[in-house]
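What follows is a set of notes on a single structure, which appears directly below.
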Amino acid sequence: MFKYYGKYAPYLFLLPAAVVLVVFFFIPFFQTVLLSFQDYSTNIYSPAFAGLENYIKLFHNPVFYKVLWNTFVYLFVAVPVLVVFPLFLAVLINQKIRGVTLYKILIYLPVIVSIVVAAIAFKWLYADQGILNYIVTSLGFNSIGWLTDPKFALYSVILVTIWKGIGYYMIIYLAALMSVPNELYEACDIDGAGFLTKHLTVTIPHIMPTIALVSTISAISAMKVFAEIYVMTKGGPLNSSKTIVYYIYERAFENLDLGFASAMAVILLVIVMIFSLINIFCFERKKYEI
Amino acid sequence: MRYRGQEGKMARRQAIYKFSFKLDKFITHLILISVSLLSIFPFIWLISTSLKGNSENIFAYPPQIIPTDFTWANYTGVWNKVNFIGYFINSMIVAGGTVILNLILSAMAGYPLARMEFKGKKITFFAVLATIMIPFQAIMLPVYLITLKLHLTDNVNNFAGYMGLIMPFAVSAFGIFLMRQAFLTIPKEMEEAAIVDGCNVFQVFFKVLMPMVKPSLAVLAIFTFIGSWGEFLWPSIVLTKEAMYTLPVGVNNLQGMFSSNWRFIAAGSILSTIPILIFFLSMQRYFISGENEGAVKG
C-alpha cells in the first residue's frame, strides 16, 4: 500500500493520548519510586534523600505484615470462588432453558451497581440486629459481629467483593462456552456421560485459557480493593480488614507519610506487575501482538 | 402402563431419560433462581427498609420484607436534604467528559498503531502496553500531587475540579488496543479509494474510518461510562467541596449525614442507583451478550 500520510502524521495522531499517559501514568510511576526513597517527615516541601529508610521502616512495621497477610487472604479466598462458581453458573445458563436473559440480568446487576451502594446494602445486612444475625440466631447460634469482630470482618468484606464479581466472570465464561463445539457434547450424550464427566472431559479442557484469564484478572482486582473496605470497616477493627491499597490511602492521605506510603505502593506495583505479565504473556498474547 | 419385550425396554428407558431430563432442568432452574435472588436480595432489603415508616421497627425479629407502615416519606426526606440533582449532574459531566475524551484519544492513538509505519512504533506499542500493568492505586499519590500542581482541583473553580476528575482517566490502554483492533479489521482498499478521491489523512480518519468503527466506539463508550460513573477512590481523594460530589461520593457521605437513620440512608442509596439501573436495562445486550468479553471492570 502506498504511503498516503505525511512524515509527522502518526505522531500528530498519537500526541494527545501520549500527553495524558506521560503526565498521569509514566511521570507518577517514576515519581512513586522516587518518593519511596525520600523522607517527608521533617519538611513536606523539601524532602531529604532517605535511601532505603522507608523500606526498612516498612519491614519493621507489624501492620505491614498484617496488611500483606490480609491481602493474600483476600486472594486465596476470593479468587478460587470467583474462578469456580461463575463457571458453574455459566454452564447451567448455557442450556436451552427458559428465562436465560432474565437470569443473566439479575446475576449481572451487582456488577453494574456502584460499589458504594453495594457496600452500604451489605452493611445493613451485617448490622448487629440485622437480617443475617436473625438467621444465625434462629439457627441457635450466638449473633456474630460481622464487621465488628476481628475474626469475621475481613471475610465479611471479601463476601461483598465475591458477590459483586460473580456476574462479571459468568459472562466471560459464557462467551468462552459458546466456542465449545456442540458435536463434542453430542458425542458425550451418545456415550451416556453424566453432567460431571461431560464437563470435566469436554468443557474444562476446552476453556482452560479462559479459566486462567479469570484467575489472573480476579487476582489483580482482588489486589486493588478499596471502596468496600472504606465504606464498611475503614480497615478495622484492629487492622483486621485492612489491605494494601487501603493502607497506602491511609498513610498517604490521612497521615501524610508520603515516603512510607510510596514504599508500600512500590510493593503493590511489583505484585500487580507480576500478575499482569503472566496475564499478558500467557493468555492475552494475541490481543497485543504487533 | 407396563412395558414388555424389547420394545417395552426401549420405551421404559426413554421414559426414564425424559424424567431425569426434566429433573435436571428443575434443579437447574432451582439453582439459578436461588442465585438470582441472592444477587438482588441486598437491594430488596434496602428497598424494603427505605419504605418503612417511623412507627415500624426496622430491627424487628422476624424481619418484615413487606413494610407494615408503608411510606414514601424517607424518599422525600432525603431528597430535600441531599442535593441528588447536583450529584447526578456532576456525575454526568465527569462520566460524559471521560467518555468523549476516551473515544477521541483512543481512536486517534489506535489509528497509527494499526495502519501506519513510523519510527518508534514498537516502543510506543510497548509503552501503552506497560500502562496496563500500572495499577492506578499504586501511583495515585503522585497523580494527586501533579493534579494539585496543574491547579486541577475544585477549590480553583468548578471547571478545574471537573478536569481534575476527568484527565487522569482521559485515555486507557484498553481503549487504545480496542480501537487498534477495530482499525485492523477494515480493508485497506477503503483508505486507498478515499485517497484517490482526494482526501487527506485527516479526512480519511474522520470521514472514512471513524464511521466504520462505530460498534467498537459504542462498546468503549459504554464500558468507560460505567467505569467512570462508579469511580469512588479518585473523587474521594481530590474533591473538597460538597457541591462537586459525584453520586458515589455523595452516597458514601449519607452515612455521615444520617449516622443511624437507616431509613434515609437506604432511600438515598436506592435513589442514587436509579440512573445507572435505567442505563443498564436499556443497554443490557452490550453487557450480557458476552461479545465484549475483554471489557474492563470499573
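Chains: A, B, ... in order of the C-alpha cells. Residues: from 1 per chain. Ligands: from 1, in order shown.
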Residues flagged alpha helix (DSSP H) by DSSP in segment 47-182 of chain B, as a PyMOL selection string: chain B and resi 47-50+73-81+84-115+121-132+136-149+158-166+173-182
Neighbour list for Ala221 of chain B as a list in words, cut-off 9 Å, only C-alpha atoms, skip fewer than 4 positions in-chain: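 Non-adjacent residues within range: Val99, Ile100, Asn102, Leu103, Ser216, Leu217, Phe225 and Ile226 of chain B.
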Could those selected residues go to a file with C-alpha atoms, as a PDB file, in the first residue's frame?
```pdb
ATOM      1  CA  VAL B  99     -16.244   9.050  27.601  1.00  0.00           C
ATOM      2  CA  ILE B 100     -15.786  11.749  24.944  1.00  0.00           C
ATOM      3  CA  ASN B 102     -11.576   8.343  25.668  1.00  0.00           C
ATOM      4  CA  LEU B 103     -13.318   7.917  22.322  1.00  0.00           C
ATOM      5  CA  SER B 216     -16.208  -0.577  18.825  1.00  0.00           C
ATOM      6  CA  LEU B 217     -16.710   3.066  19.771  1.00  0.00           C
ATOM      7  CA  PHE B 225     -19.176   5.316  31.168  1.00  0.00           C
ATOM      8  CA  ILE B 226     -19.889   2.533  33.667  1.00  0.00           C
TER       9      ILE B 226
END
```
Proximity to chain B - best of A:Ala78, A:Ile280, A:Leu35, A:Met273, only C-alpha atoms: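 Result for the nearest residue to chain B: A:Met273.
Closest approach to Phe206 of chain B from the set B:Ala266, B:Ile139, B:Ile104, B:Val219 is made by B:Ile104, with distances taken over only C-alpha atoms.
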Contact residues around Ile171 of chain A with only C-alpha atoms at 7 Å, ignoring same-chain residues under 3 positions, as an NGL selection string: (:A and (167-168 or 174-175)) or (:B and (288 or 290))
